[in-house]
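Taking it in order: structure first as structure tokens, then the write-up.
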Amino acid sequence: MARTRGRITSLLALSAALAALVTGCGSDTDSDTSSKAGADGTKGKPVVVVTTTWEGAFAKAAGAEDVTVIVPQSVHHAPDYDPKPSDLAAVAKADFVLYAPFEPYAEKIKEAAGSKAELVEVNLDNDADKVNAEVARLGKLFGTEDAAATWKTTFATEYAKLSTDLKAAWPGGKSPDVVSQVFTAWAAKLAGATTVGTYGPEAVTPAQLAELSRKKPLLVLDNAHMSTGTVLPDSGAEQVKIVNYPGDDLDLLPVYRNAAAELAKAMSGS
């Protein structure tokens with residue numbers, strides 16, 4: 001309830017504080033419309049505003065070059081971010097605004113800025129199949145299909161290598177049993193691990209703790225951005241921190257490399 005009240009307060013404050021900017025941003029948007037890139041790419045590269053680096057990495061992979069990120073990477077829980085007036089200035093000039101459904105402020109940002117940008121909901125999941133589908137979809141939307149196809153080829157090569165190396169590191173040559181937070185299942189798939197249970201995003205209840213402990217997993221794949229602390233204390237399972245969000249360079253590949261490195265380290269027992 002406290003988080004809900006905080007979000008409502010933030011949205012009300014956003015509308016009140018930024019109402020004065022609507023007229024200015026709206027008029028600038030109208031005059032800039034003819035110079036913006038169309039979805040077919042015929043008028044140049046698309047101008048893309050994204051809420052976080054995660055959406056930004058998807059946009060970059062799809063071929064977007066002009067990408068502005070609203071939520072700083074230093075913000076641990078992006079949905080709690082309070083947009084600033086400068087964010088509106090970026091949105092007002094955008095062709096596309098990318099957001100995730102769990103981010104409550106995206107539509108408010110667009111409305112307050114008076115932007116004519118197309119609001120695009122992105123399925124934020126680092127599962128390889130879902131990433132490929134989203135990159136292809138965004139590439140078509142941006143008119144950058146060739147760039148998206150090139151990235152997907154690079155990604156497939158990198159993913160296959162990481163997955164092969166992790167499978168070669170299986171303890172005793174057997175797929176390890178793991179428990180995953182719901183947003184880290186992609187990392188288990190990357191490693192070829194056997195997921196024996198999932199939890200979250202809420203904290204693990206005593207009943208869940210007992211059930212998951214009975215599975216005797218080797219590893220617990222925790223979400224670094226939504227950690228609830230040690231998930232299975234006294235179970236003997238090693239907890240591995242998985243990072244979902246890319247860095248400021250908006251490169252998605254290091255997310256997989258870093259996860260692979262952490263998983264390999266945990267499976268080796270070092």
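By convention in this document, the chains of the structure tokens carry letters A, B, ... by their order, each chain's residues are numbered from 1, and ligands are numbered from 1 in the order they are shown.
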
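Residues of region 78-267 of chain A that DSSP places in strand (DSSP E), based on the backbone of this structure, are Phe96, Val97, Leu98, Tyr99, Glu118, Leu119, Val120, Glu121, Asp177, Val178, Val179, Ser180, Gln181, Thr194, Thr195, Val196, Gly197, Thr198, Tyr199, Leu219, Val220, Leu221, Asp222, Asn223, Glu238, Gln239, Val240, Lys241 and Ile242 of chain A.
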
Practice item. Based on DSSP run over this structure's backbone, return all residues of region 170-226 of chain A in helix (DSSP H, G or I), as a PyMOL selection string. Key: chain A and resi 171-173+185-191+206-214

Check your understanding: Can you tell me, as a PyMOL selection string, what residues are no more than 10 Å from Tyr199 (chain A) when counting only C-alpha atoms, ignoring any on the same chain fewer than 3 positions away?
Key -> chain A and resi 179-183+202-205+208-209+212+220-222+231

Point to revise | All residues 12 Å or closer to region 143-157 of chain A, only C-alpha atoms, same chain fewer than 6 positions away omitted, as a count of residues only | key: 41

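What separates CA of Asn258 (chain A) from CA of Val49 (chain A) is a distance of 26.0 Å.
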
Practice item. Quote the spacing between CA of Val71 (chain A) and CA of Thr51 (chain A) in Å to one decimal place. Key: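 Pair CA of Val71 (chain A) / CA of Thr51 (chain A) returns 5.6 Å.
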
Exercise for review: Go ahead and compute the interatomic distance for CA of His77 (chain A) and CA of Leu263 (chain A), in Å to one decimal.
Suggested key: 23.7 Å

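With only C-alpha atoms as the atoms that count, the residue of A:Leu88, A:Glu158, A:His225, A:Ala260 with the shortest distance to Gly192 (chain A) is A:Ala260.
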
Exercise for review: Have a look at A:Leu141, A:Ala266, A:Leu98, A:Ala106 and name the one nearest to Val120 (chain A); count only C-alpha atoms.
Suggested key: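 Looking only at the distances to Val120 (chain A), the closest residue turns out to be A:Leu98.
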
Check your understanding: Could you pull the residues within 9 Å of Ala237 (chain A), counting only C-alpha atoms, minus those fewer than 2 positions along the same chain, as a count of residues only?
Key -> 12

**Study point:** Polymer residues at most 8 Å from Leu124 (chain A), only C-alpha atoms, same-chain spacing of 4 or more positions, as a count of residues only
**Key:** 3
